[in-house]
>>> print(open('input06.cif').read())   # mmCIF, C-alpha atoms
data_coords
#
loop_
_atom_site.label_atom_id
_atom_site.label_comp_id
_atom_site.auth_asym_id
_atom_site.auth_seq_id
_atom_site.Cartn_x
_atom_site.Cartn_y
_atom_site.Cartn_z
CA MET B 1 -53.30 -34.66 -12.11
CA GLN B 2 -49.67 -34.70 -11.00
CA HIS B 3 -48.68 -34.49 -7.34
CA ARG B 4 -46.58 -31.34 -6.97
CA ILE B 5 -43.46 -31.68 -4.80
CA ILE B 6 -41.39 -28.58 -4.13
CA VAL B 7 -37.94 -28.87 -2.56
CA LEU B 8 -36.57 -25.64 -1.10
CA GLY B 9 -32.79 -25.43 -1.12
CA ALA B 10 -30.26 -27.45 -3.13
CA GLY B 11 -27.53 -28.03 -0.61
CA TYR B 12 -26.53 -31.56 0.29
CA THR B 13 -29.93 -32.46 1.73
CA GLY B 14 -32.23 -30.76 -0.77
CA ALA B 15 -30.39 -32.03 -3.83
CA ILE B 16 -30.25 -35.57 -2.47
CA ALA B 17 -33.96 -35.55 -1.57
CA ALA B 18 -35.00 -34.29 -5.01
CA GLY B 19 -32.91 -36.90 -6.80
CA ARG B 20 -34.09 -39.71 -4.57
CA LEU B 21 -37.74 -38.78 -5.10
CA ALA B 22 -37.17 -38.79 -8.85
CA LYS B 23 -35.81 -42.31 -8.49
CA ARG B 24 -38.71 -43.53 -6.37
CA LEU B 25 -41.76 -42.16 -8.21
CA ARG B 26 -43.12 -42.32 -11.76
CA ARG B 27 -42.60 -39.13 -13.72
CA GLU B 28 -46.14 -39.26 -15.06
CA ASP B 29 -47.50 -38.96 -11.52
CA ILE B 30 -45.33 -36.24 -10.01
CA ALA B 31 -43.82 -32.85 -10.70
CA ILE B 32 -40.64 -32.18 -8.70
CA THR B 33 -39.39 -28.59 -8.53
CA LEU B 34 -36.07 -27.81 -6.85
CA VAL B 35 -35.79 -24.15 -5.85
CA ASN B 36 -32.33 -22.69 -5.32
CA ALA B 37 -30.78 -19.24 -5.64
CA GLU B 38 -27.55 -20.44 -7.27
CA PRO B 39 -27.11 -22.51 -10.45
CA ASP B 40 -24.26 -24.63 -9.04
CA PHE B 41 -23.95 -27.00 -6.12
CA VAL B 42 -21.84 -25.61 -3.27
CA GLU B 43 -19.61 -28.04 -1.36
CA ARG B 44 -20.14 -26.33 1.94
CA VAL B 45 -17.76 -28.66 3.76
CA ARG B 46 -14.94 -27.24 1.62
CA MET B 47 -15.51 -23.52 2.17
CA HIS B 48 -12.35 -23.25 4.27
CA GLN B 49 -10.42 -24.56 1.26
CA LEU B 50 -12.05 -22.02 -1.04
CA ALA B 51 -11.20 -19.27 1.43
CA VAL B 52 -7.45 -19.94 1.21
CA GLY B 53 -7.35 -19.89 -2.57
CA GLN B 54 -8.08 -23.47 -3.61
CA ASN B 55 -10.41 -23.85 -6.57
CA LEU B 56 -13.31 -26.29 -6.31
CA LYS B 57 -14.74 -28.38 -9.11
CA PRO B 58 -17.83 -26.70 -10.63
CA ARG B 59 -21.00 -28.77 -10.30
CA PRO B 60 -23.84 -27.14 -12.30
CA PHE B 61 -27.32 -28.36 -11.43
CA SER B 62 -28.27 -28.32 -15.11
CA GLU B 63 -25.89 -31.23 -15.60
CA MET B 64 -26.58 -32.97 -12.32
CA PHE B 65 -30.32 -33.22 -12.87
CA ALA B 66 -30.35 -33.61 -16.66
CA GLY B 67 -32.78 -36.34 -17.62
CA THR B 68 -34.07 -36.93 -14.09
CA GLY B 69 -37.38 -35.10 -14.43
CA VAL B 70 -36.42 -32.65 -11.67
CA GLU B 71 -37.14 -29.05 -12.69
CA LEU B 72 -34.65 -26.50 -11.35
CA LYS B 73 -36.10 -23.12 -10.41
CA LEU B 74 -33.38 -20.50 -9.96
CA ALA B 75 -34.96 -18.18 -7.43
CA LYS B 76 -34.69 -16.88 -3.90
CA VAL B 77 -37.34 -18.07 -1.45
CA THR B 78 -38.99 -15.12 0.29
CA GLY B 79 -41.82 -16.82 2.16
CA VAL B 80 -43.89 -19.94 2.77
CA ASP B 81 -47.65 -19.99 3.41
CA VAL B 82 -48.42 -23.42 4.84
CA GLY B 83 -52.13 -22.61 5.06
CA ARG B 84 -52.45 -21.87 1.35
CA LYS B 85 -49.66 -24.34 0.50
CA THR B 86 -47.68 -21.82 -1.52
CA VAL B 87 -44.06 -20.68 -1.71
CA ALA B 88 -43.18 -17.08 -2.56
CA VAL B 89 -40.04 -16.68 -4.65
CA ILE B 90 -38.30 -13.97 -6.60
CA ASP B 91 -36.12 -14.52 -9.67
CA ALA B 92 -34.79 -12.50 -12.59
CA ASN B 93 -38.34 -12.03 -13.88
CA GLY B 94 -39.80 -10.83 -10.61
CA ALA B 95 -41.89 -12.30 -7.81
CA GLU B 96 -44.24 -15.25 -8.11
CA GLU B 97 -45.97 -17.95 -6.08
CA LEU B 98 -45.50 -21.69 -6.47
CA GLU B 99 -48.18 -24.13 -5.32
CA TYR B 100 -47.31 -27.47 -3.75
CA ASP B 101 -48.94 -30.64 -2.52
CA SER B 102 -45.84 -31.77 -0.62
CA LEU B 103 -43.05 -29.45 0.51
CA VAL B 104 -39.50 -30.43 1.46
CA TYR B 105 -37.92 -27.60 3.42
CA ALA B 106 -34.12 -27.73 3.13
CA LEU B 107 -33.04 -24.10 3.35
CA GLY B 108 -30.34 -24.98 5.85
CA SER B 109 -28.40 -22.52 7.97
CA GLY B 110 -25.90 -19.70 7.93
CA TRP B 111 -23.46 -18.22 10.39
CA ASN B 112 -24.51 -17.31 13.91
CA THR B 113 -23.09 -14.05 15.25
CA GLN B 114 -24.41 -14.92 18.72
CA GLY B 115 -25.34 -11.26 19.03
CA VAL B 116 -21.73 -10.28 19.72
CA PRO B 117 -21.21 -6.58 18.96
CA GLY B 118 -19.22 -5.85 15.81
CA THR B 119 -19.35 -9.39 14.45
CA ALA B 120 -21.71 -8.69 11.56
CA GLU B 121 -19.76 -5.56 10.59
CA HIS B 122 -16.19 -6.77 10.95
CA ALA B 123 -15.96 -10.58 11.03
CA HIS B 124 -15.89 -13.01 8.10
CA GLU B 125 -18.01 -16.15 7.71
CA ILE B 126 -17.38 -19.32 5.72
CA THR B 127 -20.84 -20.89 5.77
CA SER B 128 -21.50 -19.68 2.21
CA ARG B 129 -19.59 -19.36 -1.04
CA PRO B 130 -19.89 -15.55 -1.14
CA GLY B 131 -18.56 -15.41 2.43
CA ALA B 132 -15.65 -17.71 1.65
CA LEU B 133 -14.78 -15.69 -1.45
CA ARG B 134 -14.80 -12.43 0.53
CA LEU B 135 -12.45 -13.98 3.07
CA ARG B 136 -10.28 -15.32 0.24
CA LYS B 137 -9.84 -11.82 -1.15
CA ARG B 138 -9.09 -10.37 2.28
CA LEU B 139 -6.51 -13.04 3.16
CA ALA B 140 -4.79 -12.60 -0.20
CA GLY B 141 -4.30 -8.93 0.60
CA LEU B 142 -2.62 -9.48 3.98
CA ASP B 143 1.08 -8.80 4.41
CA ALA B 144 3.38 -11.22 6.20
CA GLY B 145 3.11 -11.13 9.98
CA GLN B 146 -0.42 -9.76 10.15
CA PRO B 147 -2.70 -11.41 12.72
CA VAL B 148 -5.72 -13.59 11.93
CA VAL B 149 -8.06 -14.81 14.67
CA VAL B 150 -10.53 -17.65 14.17
CA VAL B 151 -13.27 -17.57 16.79
CA GLY B 152 -14.87 -20.90 17.64
CA GLY B 153 -13.31 -24.20 18.64
CA GLY B 154 -15.77 -26.56 16.96
CA LEU B 155 -15.24 -28.59 13.80
CA THR B 156 -15.55 -25.59 11.47
CA GLY B 157 -13.14 -23.51 13.53
CA LEU B 158 -10.53 -26.27 13.68
CA GLU B 159 -10.68 -26.86 9.95
CA ALA B 160 -10.59 -23.16 9.11
CA VAL B 161 -7.68 -22.21 11.36
CA THR B 162 -5.47 -25.13 10.27
CA GLU B 163 -6.24 -24.57 6.59
CA ILE B 164 -5.31 -20.88 6.87
CA ALA B 165 -2.16 -21.64 8.87
CA GLU B 166 -1.00 -24.24 6.36
CA ALA B 167 -1.71 -22.03 3.34
CA ARG B 168 -0.27 -18.85 4.90
CA PRO B 169 2.56 -19.78 7.28
CA ASP B 170 3.74 -16.18 7.06
CA LEU B 171 0.72 -14.94 9.02
CA ASP B 172 0.21 -14.83 12.80
CA ILE B 173 -2.70 -17.26 13.28
CA ALA B 174 -4.69 -17.74 16.48
CA LEU B 175 -7.79 -19.63 17.61
CA ALA B 176 -10.13 -18.48 20.39
CA ALA B 177 -12.17 -21.29 21.96
CA ARG B 178 -14.65 -21.16 24.84
CA GLY B 179 -13.41 -24.48 26.20
CA GLU B 180 -10.28 -26.57 26.01
CA LEU B 181 -8.89 -27.30 22.56
CA GLY B 182 -10.76 -30.32 21.17
CA ASP B 183 -12.26 -31.10 24.57
CA TRP B 184 -14.94 -33.37 23.05
CA LEU B 185 -12.33 -35.64 21.44
CA ALA B 186 -10.81 -38.76 22.99
CA PRO B 187 -7.26 -38.35 24.39
CA LYS B 188 -5.61 -39.66 21.21
CA GLY B 189 -7.46 -37.12 19.07
CA ARG B 190 -6.68 -34.26 21.46
CA ARG B 191 -2.99 -35.10 21.52
CA HIS B 192 -2.78 -35.16 17.74
CA LEU B 193 -4.71 -31.91 17.47
CA ARG B 194 -2.21 -30.13 19.74
CA LYS B 195 0.68 -31.66 17.82
CA VAL B 196 -0.66 -30.26 14.54
CA PHE B 197 -1.40 -26.86 16.07
CA ASP B 198 2.15 -26.66 17.44
CA LYS B 199 3.58 -27.71 14.08
CA LEU B 200 1.58 -25.02 12.27
CA GLY B 201 2.44 -22.36 14.85
CA ILE B 202 -1.16 -21.64 15.82
CA THR B 203 -1.66 -19.73 19.07
CA VAL B 204 -4.58 -21.09 21.11
CA HIS B 205 -6.63 -18.96 23.49
CA GLU B 206 -8.52 -21.57 25.51
CA HIS B 207 -11.46 -20.89 27.84
CA THR B 208 -11.85 -17.60 26.04
CA ALA B 209 -15.16 -15.96 25.19
CA VAL B 210 -15.01 -13.22 22.56
CA THR B 211 -17.38 -10.41 23.52
CA GLY B 212 -16.62 -7.84 20.84
CA VAL B 213 -15.17 -7.56 17.35
CA GLU B 214 -13.54 -4.49 15.85
CA ALA B 215 -11.82 -3.93 12.53
CA ASP B 216 -8.37 -4.64 13.99
CA ARG B 217 -8.99 -6.69 17.14
CA VAL B 218 -11.29 -8.86 19.19
CA THR B 219 -12.08 -8.30 22.86
CA THR B 220 -12.50 -11.15 25.32
CA ALA B 221 -14.70 -11.47 28.40
CA ASP B 222 -11.83 -10.60 30.74
CA GLY B 223 -11.11 -7.40 28.81
CA THR B 224 -8.11 -8.69 26.89
CA SER B 225 -7.60 -7.20 23.43
CA VAL B 226 -6.30 -9.64 20.81
CA PRO B 227 -5.00 -8.09 17.55
CA ALA B 228 -6.83 -9.28 14.44
CA ALA B 229 -6.41 -7.84 10.98
CA VAL B 230 -8.95 -10.51 10.00
CA THR B 231 -11.49 -12.21 12.26
CA VAL B 232 -13.17 -15.42 11.11
CA TRP B 233 -16.34 -16.24 13.04
CA THR B 234 -17.23 -19.95 13.37
CA THR B 235 -19.24 -20.21 16.59
CA GLY B 236 -22.13 -22.29 15.30
CA PHE B 237 -25.02 -22.02 12.86
CA ALA B 238 -28.33 -20.19 12.72
CA VAL B 239 -31.17 -21.62 10.64
CA HIS B 240 -32.79 -19.72 7.78
CA PRO B 241 -35.45 -17.41 9.33
CA ILE B 242 -38.31 -18.18 6.93
CA ALA B 243 -39.69 -21.18 8.84
CA LYS B 244 -40.05 -19.16 12.03
CA ALA B 245 -42.28 -16.69 10.18
CA THR B 246 -44.76 -19.43 9.22
CA ALA B 247 -47.44 -21.33 11.15
CA LEU B 248 -45.16 -24.38 11.34
CA GLU B 249 -44.28 -25.63 14.79
CA VAL B 250 -40.66 -24.61 15.33
CA THR B 251 -38.18 -24.52 18.19
CA GLY B 252 -36.95 -21.33 19.78
CA THR B 253 -34.06 -21.34 17.32
CA GLY B 254 -36.40 -21.66 14.32
CA GLN B 255 -35.88 -25.34 13.48
CA ILE B 256 -38.99 -27.18 12.25
CA VAL B 257 -40.14 -29.89 14.68
CA VAL B 258 -40.46 -33.20 12.84
CA ASP B 259 -41.30 -36.83 13.56
CA GLY B 260 -39.15 -39.85 12.76
CA THR B 261 -39.94 -39.57 9.04
CA MET B 262 -38.93 -35.90 8.91
CA ARG B 263 -42.58 -34.85 8.63
CA SER B 264 -43.69 -31.65 10.33
CA VAL B 265 -45.63 -32.45 13.50
CA SER B 266 -47.99 -29.55 12.79
CA HIS B 267 -48.39 -29.67 9.00
CA PRO B 268 -48.28 -33.17 7.44
CA ASP B 269 -47.70 -31.85 3.92
CA VAL B 270 -44.34 -30.37 4.98
CA TYR B 271 -41.08 -32.23 5.55
CA ALA B 272 -37.93 -30.62 6.94
CA ILE B 273 -34.41 -32.00 6.52
CA GLY B 274 -30.85 -31.10 7.38
CA ASP B 275 -30.08 -28.11 9.58
CA ALA B 276 -33.65 -26.83 9.20
CA ALA B 277 -35.10 -29.78 11.12
CA MET B 278 -35.29 -30.51 14.83
CA ALA B 279 -34.89 -34.27 14.48
CA MET B 280 -34.17 -36.63 17.32
CA GLY B 281 -31.43 -39.25 17.21
CA PRO B 282 -30.32 -42.04 19.54
CA GLY B 283 -30.82 -41.36 23.23
CA ASP B 284 -33.57 -38.90 22.31
CA LYS B 285 -30.88 -36.30 21.60
CA PRO B 286 -31.30 -33.71 18.84
CA LEU B 287 -29.14 -34.31 15.78
CA ARG B 288 -26.39 -31.74 15.43
CA MET B 289 -26.26 -29.47 12.42
CA SER B 290 -23.90 -31.24 10.04
CA CYS B 291 -23.63 -33.02 6.72
CA ALA B 292 -23.43 -36.27 8.70
CA SER B 293 -26.93 -35.59 10.05
CA GLY B 294 -28.39 -34.00 6.94
CA THR B 295 -27.82 -36.76 4.40
CA PRO B 296 -29.72 -39.50 6.26
CA THR B 297 -32.58 -37.11 7.01
CA ALA B 298 -32.85 -36.44 3.25
CA TRP B 299 -33.02 -40.19 2.57
CA GLN B 300 -35.62 -40.61 5.30
CA ALA B 301 -37.88 -37.80 4.06
CA ALA B 302 -37.72 -38.82 0.39
CA ASP B 303 -38.49 -42.46 1.18
CA ALA B 304 -41.33 -41.46 3.53
CA ILE B 305 -42.94 -39.20 0.92
CA ALA B 306 -42.67 -41.95 -1.70
CA ALA B 307 -44.10 -44.53 0.67
CA ARG B 308 -47.09 -42.40 1.63
CA LEU B 309 -47.87 -41.57 -1.99
CA THR B 310 -47.56 -45.12 -3.24
CA GLY B 311 -49.01 -46.99 -0.28
CA GLY B 312 -45.65 -48.53 0.54
CA LYS B 313 -43.96 -49.27 3.85
CA LEU B 314 -42.65 -46.27 5.78
CA PRO B 315 -38.88 -46.19 6.32
CA ASN B 316 -37.62 -46.98 9.78
CA THR B 317 -33.90 -46.34 9.43
CA PRO B 318 -32.23 -45.25 12.68
CA LEU B 319 -30.46 -41.90 12.48
CA ARG B 320 -27.09 -42.38 14.13
CA TYR B 321 -23.44 -41.33 14.03
CA PHE B 322 -20.29 -43.32 13.34
CA ASN B 323 -17.45 -40.81 13.37
CA GLN B 324 -16.47 -37.16 13.22
CA CYS B 325 -14.14 -36.30 10.34
CA ILE B 326 -11.84 -33.32 10.83
CA SER B 327 -9.37 -32.08 8.23
CA LEU B 328 -6.38 -30.22 9.61
CA GLY B 329 -5.05 -28.74 6.40
CA ARG B 330 -4.40 -30.93 3.35
CA ARG B 331 -1.98 -33.38 4.99
CA GLU B 332 -3.33 -33.97 8.48
CA GLY B 333 -6.61 -34.97 10.06
CA VAL B 334 -8.47 -36.65 12.91
CA ILE B 335 -11.21 -39.23 12.49
CA GLN B 336 -12.84 -39.53 15.89
CA TYR B 337 -15.02 -42.63 16.21
CA VAL B 338 -18.18 -42.04 18.22
CA THR B 339 -21.16 -43.82 19.74
CA ALA B 340 -24.54 -43.77 17.99
CA ASP B 341 -25.43 -40.60 19.91
CA ASP B 342 -22.17 -38.85 18.96
CA ARG B 343 -20.02 -39.34 22.07
CA ALA B 344 -16.32 -39.96 21.51
CA VAL B 345 -14.89 -43.41 22.12
CA GLY B 346 -11.22 -44.22 22.64
CA ALA B 347 -10.48 -45.12 19.03
CA ALA B 348 -9.35 -42.42 16.59
CA LEU B 349 -7.53 -42.29 13.28
CA THR B 350 -4.92 -39.54 12.92
CA GLY B 351 -2.33 -38.13 10.57
CA ARG B 352 -2.05 -38.51 6.81
CA LEU B 353 -4.36 -41.51 6.69
CA ALA B 354 -7.06 -39.49 8.46
CA ALA B 355 -6.65 -36.70 5.89
CA VAL B 356 -7.14 -39.21 3.06
CA TYR B 357 -10.19 -40.65 4.84
CA LYS B 358 -11.75 -37.20 5.20
CA GLU B 359 -11.07 -36.39 1.56
CA LEU B 360 -12.81 -39.59 0.48
CA VAL B 361 -15.80 -38.71 2.66
CA CYS B 362 -16.03 -35.26 1.06
CA LYS B 363 -15.73 -36.69 -2.43
CA GLY B 364 -18.32 -39.33 -1.64
CA ALA B 365 -20.78 -36.73 -0.38
CA ALA B 366 -20.31 -34.60 -3.50
CA TRP B 367 -20.65 -37.66 -5.73
CA GLY B 368 -23.91 -38.55 -4.03
CA VAL B 369 -25.28 -35.11 -4.81
CA ALA B 370 -23.87 -34.93 -8.33
CA ASN B 371 -25.34 -38.35 -9.12
CA PRO B 372 -28.62 -38.17 -7.21
CA THR B 373 -30.32 -41.00 -9.06
CA LEU B 374 -27.35 -43.36 -9.32
CA GLY B 375 -26.13 -45.87 -6.81
CA MET B 376 -29.59 -47.10 -5.86
CA PRO B 377 -32.02 -49.41 -7.67
CA THR B 378 -34.71 -47.86 -9.83
CA ARG B 379 -38.04 -48.52 -8.15
CA ARG B 380 -40.34 -45.96 -9.63
CA ARG B 381 -43.76 -46.74 -8.23
CA ARG B 382 -47.12 -45.39 -9.28
CA VAL B 383 -48.72 -42.79 -7.06
CA VAL B 384 -51.93 -44.48 -5.95
CA GLN B 385 -53.31 -41.57 -3.98
CA GLU B 386 -52.52 -37.92 -3.61
CA ARG B 387 -53.94 -35.15 -1.57
CA ALA B 388 -56.33 -33.24 -3.80
CA ARG B 389 -56.30 -29.47 -3.98
CA THR B 390 -59.29 -29.47 -1.60
CA GLY B 391 -57.56 -31.80 0.86
CA SER B 392 -59.46 -35.01 0.03
CA ALA B 393 -57.84 -38.17 -1.33
CA VAL B 394 -58.39 -38.98 -4.99
CA LYS B 395 -56.99 -41.40 -7.52
CA ALA B 396 -53.89 -40.14 -9.21
CA SER B 397 -53.83 -39.72 -12.94
CA ALA B 398 -52.54 -42.66 -14.93
#
>>> encode(input="input06.cif", output="structure tokens")
Amino acid sequence: MQHRIIVLGAGYTGAIAAGRLAKRLRREDIAITLVNAEPDFVERVRMHQLAVGQNLKPRPFSEMFAGTGVELKLAKVTGVDVGRKTVAVIDANGAEELEYDSLVYALGSGWNTQGVPGTAEHAHEITSRPGALRLRKRLAGLDAGQPVVVVGGGLTGLEAVTEIAEARPDLDIALAARGELGDWLAPKGRRHLRKVFDKLGITVHEHTAVTGVEADRVTTADGTSVPAAVTVWTTGFAVHPIAKATALEVTGTGQIVVDGTMRSVSHPDVYAIGDAAMAMGPGDKPLRMSCASGTPTAWQAADAIAARLTGGKLPNTPLRYFNQCISLGRREGVIQYVTADDRAVGAALTGRLAAVYKELVCKGAAWGVANPTLGMPTRRRRVVQERARTGSAVKASA
């Protein structure tokens, strides 16, 4: 009897985990099902490029996983019952339940409105392809001189505002940040960031909290009204709400609490990766929601599942950071080198070379997803034990 592994979500982490599991385990022993609502892989780190009119290379899952043994289920996940070990989905044919023996939860995150009035109704998000395409259409319809405000001074906000300013120099572009511009960067990175902002003509509202969004403006905490024909909201991420509705142990924000192998601390048949997981990194600090965090958690979970099923050695790879890669349009960038726990050090790469570096990182991440079973040795091992439907351990089928 095959061990049934269901992977929920085919973003960077889910797609990588599914492909890596297919590489680690014998096809006769396992059935891997990857559940995703869209038929193509979305390069989420490029949504700001899509929003300004750039076309991205299509990456259909049917081609990516051809011949791997991974079954793609095009469906929307509507619920998870960790007691019954089932996943509720709905597709073109209606609703159904999928049973699993091991579950990899990789549903990721979306935009976080922070509860600010008017945001959901009037602001645009770029955490998804539909959101980026809506913003693309809106920006294309703007006349010269109209104001655009990007709210949020983190990595997403910096990349979005510079991409828009470079693509549409005829618009009046502004950024609203709660703190100082790039205040987490080392001095070299901050200086270059300001240089690029000045060059692109971006107005910066520092130490500014946006407390309301309307169709034609945003309002700040001190009562200032900033004109905005378009508001782009980039103030962080909120995880998919499904996990919080289950019996899984989650944080107050809905992230699944996991151990060092990405295994749920409350339900050992469930693994969580990427933005959906509350995983601890160096210094006992939670990993930030990012592709840089998500990819190694996918490796860790896939290798841990394979090890437990085959009687192998559990992975013990430290989850750490090396740099933060920020594109500032197509010709500029900042690569901020960091400590293992993500604190900036003095060294930084800037300018055109940094832009090339970031582009290579993005291409490498997409290549890793598009070729999930390449680039690593084939070590398909036999499943020696699997958790039976009743919960006891039995010999796997030959």
>>> closest_atom_pairs(input="input06.cif", of="region 150-210 of chain B", to="region 349-365 of chain B", cutoff="9 Å", atoms="only C-alpha atoms", output="Markdown table")
| residue | atom | partner | partner_atom | distance |
| --- | --- | --- | --- | --- |
| B:Lys188 | CA | B:Thr350 | CA | 8.3 |
| B:Gly189 | CA | B:Thr350 | CA | 7.1 |
| B:His192 | CA | B:Thr350 | CA | 6.9 |
| B:Leu193 | CA | B:Thr350 | CA | 8.9 |
| B:Val196 | CA | B:Gly351 | CA | 9.0 |
>>> closest_residue(input="input06.cif", among="B:His205, B:Arg46, B:Arg343, B:His3", to="Leu21 (chain B)", atoms="all atoms listed in the file")
B:His3
>>> closest_residue(input="input06.cif", among="B:Thr297, B:Thr127, B:Ser290, B:Thr253", to="Ala272 (chain B)", atoms="all atoms listed in the file")
B:Thr297
>>> closest_residue(input="input06.cif", among="B:Lys76, B:Thr310, B:Val210, B:Trp299", to="Ala92 (chain B)", atoms="only C-alpha atoms")
B:Lys76
>>> residues_around(input="input06.cif", residues="Gly157 (chain B)", least_positions_apart="5", cutoff="8 Å", atoms="all atoms listed in the file", output="NGL selection string")
:B and (150-152 or 175 or 233-235)
>>> resolve_selection(input="input06.cif", expression="the PyMOL selection byres ((chain B and resi 63) around 12)", output="count of residues only")
20
>>> axis_aligned_box(input="input06.cif", around="region 61-66 of chain B", padding_each_side="3 Å", output="JSON")
{"center_x": -28.1, "center_y": -31.0, "center_z": -14.0, "size_x": 10.5, "size_y": 11.3, "size_z": 11.2}
>>> closest_residue(input="input06.cif", among="B:Phe237, B:Val7, B:Glu249, B:Arg330", to="Gln114 (chain B)", atoms="all atoms listed in the file")
B:Phe237
>>> closest_atom_pairs(input="input06.cif", of="region 157-223 of chain B", to="region 331-334 of chain B", cutoff="12 Å", atoms="only C-alpha atoms", output="Markdown table")
| residue | atom | partner | partner_atom | distance |
| --- | --- | --- | --- | --- |
| B:Leu158 | CA | B:Gly333 | CA | 10.2 |
| B:Glu159 | CA | B:Gly333 | CA | 9.1 |
| B:Thr162 | CA | B:Glu332 | CA | 9.3 |
| B:Glu163 | CA | B:Arg331 | CA | 9.9 |
| B:Glu166 | CA | B:Arg331 | CA | 9.3 |
| B:Ala167 | CA | B:Arg331 | CA | 11.5 |
| B:Gly182 | CA | B:Val334 | CA | 10.7 |
| B:Leu185 | CA | B:Val334 | CA | 9.4 |
| B:Ala186 | CA | B:Val334 | CA | 10.6 |
| B:Pro187 | CA | B:Val334 | CA | 11.7 |
| B:Lys188 | CA | B:Val334 | CA | 9.3 |
| B:Gly189 | CA | B:Val334 | CA | 6.3 |
| B:Arg190 | CA | B:Val334 | CA | 9.1 |
| B:Arg191 | CA | B:Val334 | CA | 10.3 |
| B:His192 | CA | B:Val334 | CA | 7.6 |
| B:Leu193 | CA | B:Val334 | CA | 7.6 |
| B:Arg194 | CA | B:Val334 | CA | 11.3 |
| B:Lys195 | CA | B:Glu332 | CA | 10.4 |
| B:Val196 | CA | B:Glu332 | CA | 7.6 |
| B:Phe197 | CA | B:Glu332 | CA | 10.6 |
| B:Lys199 | CA | B:Glu332 | CA | 10.9 |
| B:Leu200 | CA | B:Glu332 | CA | 10.9 |
>>> write_last_selection(input="input06.cif", atoms="C-alpha atoms", output="PDB file, keeping the file's coordinate frame")
ATOM      1  CA  LEU B 158     -10.530 -26.270  13.680  1.00  0.00           C
ATOM      2  CA  GLU B 159     -10.680 -26.860   9.950  1.00  0.00           C
ATOM      3  CA  THR B 162      -5.470 -25.130  10.270  1.00  0.00           C
ATOM      4  CA  GLU B 163      -6.240 -24.570   6.590  1.00  0.00           C
ATOM      5  CA  GLU B 166      -1.000 -24.240   6.360  1.00  0.00           C
ATOM      6  CA  ALA B 167      -1.710 -22.030   3.340  1.00  0.00           C
ATOM      7  CA  GLY B 182     -10.760 -30.320  21.170  1.00  0.00           C
ATOM      8  CA  LEU B 185     -12.330 -35.640  21.440  1.00  0.00           C
ATOM      9  CA  ALA B 186     -10.810 -38.760  22.990  1.00  0.00           C
ATOM     10  CA  PRO B 187      -7.260 -38.350  24.390  1.00  0.00           C
ATOM     11  CA  LYS B 188      -5.610 -39.660  21.210  1.00  0.00           C
ATOM     12  CA  GLY B 189      -7.460 -37.120  19.070  1.00  0.00           C
ATOM     13  CA  ARG B 190      -6.680 -34.260  21.460  1.00  0.00           C
ATOM     14  CA  ARG B 191      -2.990 -35.100  21.520  1.00  0.00           C
ATOM     15  CA  HIS B 192      -2.780 -35.160  17.740  1.00  0.00           C
ATOM     16  CA  LEU B 193      -4.710 -31.910  17.470  1.00  0.00           C
ATOM     17  CA  ARG B 194      -2.210 -30.130  19.740  1.00  0.00           C
ATOM     18  CA  LYS B 195       0.680 -31.660  17.820  1.00  0.00           C
ATOM     19  CA  VAL B 196      -0.660 -30.260  14.540  1.00  0.00           C
ATOM     20  CA  PHE B 197      -1.400 -26.860  16.070  1.00  0.00           C
ATOM     21  CA  LYS B 199       3.580 -27.710  14.080  1.00  0.00           C
ATOM     22  CA  LEU B 200       1.580 -25.020  12.270  1.00  0.00           C
TER      23      LEU B 200
END
>>> closest_residue(input="input06.cif", among="B:Ile326, B:Ala301, B:Ile173, B:Met1", to="Arg24 (chain B)", atoms="only C-alpha atoms")
B:Ala301
>>> closest_residue(input="input06.cif", among="B:Leu98, B:Ala75, B:Val213, B:Ala10", to="Gly118 (chain B)", atoms="only C-alpha atoms")
B:Val213
>>> resolve_selection(input="input06.cif", expression="the PyMOL selection byres ((chain B and resi 278) around 7)", output="PyMOL selection string")
chain B and resi 255-258+276-277+279-280+286
>>> closest_atom_pairs(input="input06.cif", of="region 216-278 of chain B", to="region 135-139 of chain B", cutoff="12 Å", atoms="all atoms listed in the file", output="CSV")
residue,atom,partner,partner_atom,distance
B:Ala228,CA,B:Leu139,CA,11.9
B:Ala229,CA,B:Leu139,CA,9.4
B:Val230,CA,B:Leu139,CA,7.7
B:Thr231,CA,B:Leu135,CA,9.4
B:Val232,CA,B:Leu135,CA,8.2
B:Trp233,CA,B:Leu135,CA,10.9
>>> residues_around(input="input06.cif", residues="Glu206 (chain B)", least_positions_apart="6", cutoff="8 Å", atoms="only C-alpha atoms", output="short mmCIF file (atom, residue, chain, number, x, y, z; two decimals) with C-alpha atoms, keeping the file's coordinate frame")
data_model
loop_
_atom_site.label_atom_id
_atom_site.label_comp_id
_atom_site.auth_asym_id
_atom_site.auth_seq_id
_atom_site.Cartn_x
_atom_site.Cartn_y
_atom_site.Cartn_z
CA ALA B 176 -10.13 -18.48 20.39
CA ALA B 177 -12.17 -21.29 21.96
CA ARG B 178 -14.65 -21.16 24.84
CA GLY B 179 -13.41 -24.48 26.20
CA GLU B 180 -10.28 -26.57 26.01
CA LEU B 181 -8.89 -27.30 22.56
#
>>> residues_around(input="input06.cif", residues="Ile164 (chain B)", least_positions_apart="3", cutoff="9 Å", atoms="all atoms listed in the file", output="list in words")
His48, Gln49, Ala51, Val52, Leu139, Val148, Glu159, Ala160, Val161, Ala167, Arg168, Pro169, Leu171, Ile173 and Gly329 of chain B
>>> resolve_selection(input="input06.cif", expression="the PyMOL selection byres ((chain B and resi 317) around 10)", output="list in words")
Gly260, Thr261, Pro296, Thr297, Trp299, Gln300, Leu314, Pro315, Asn316, Pro318, Leu319 and Arg320 of chain B
>>> atom_distance(input="input06.cif", atom1="CA of Thr33 (chain B)", atom2="CA of Tyr105 (chain B)")
12.1 Å
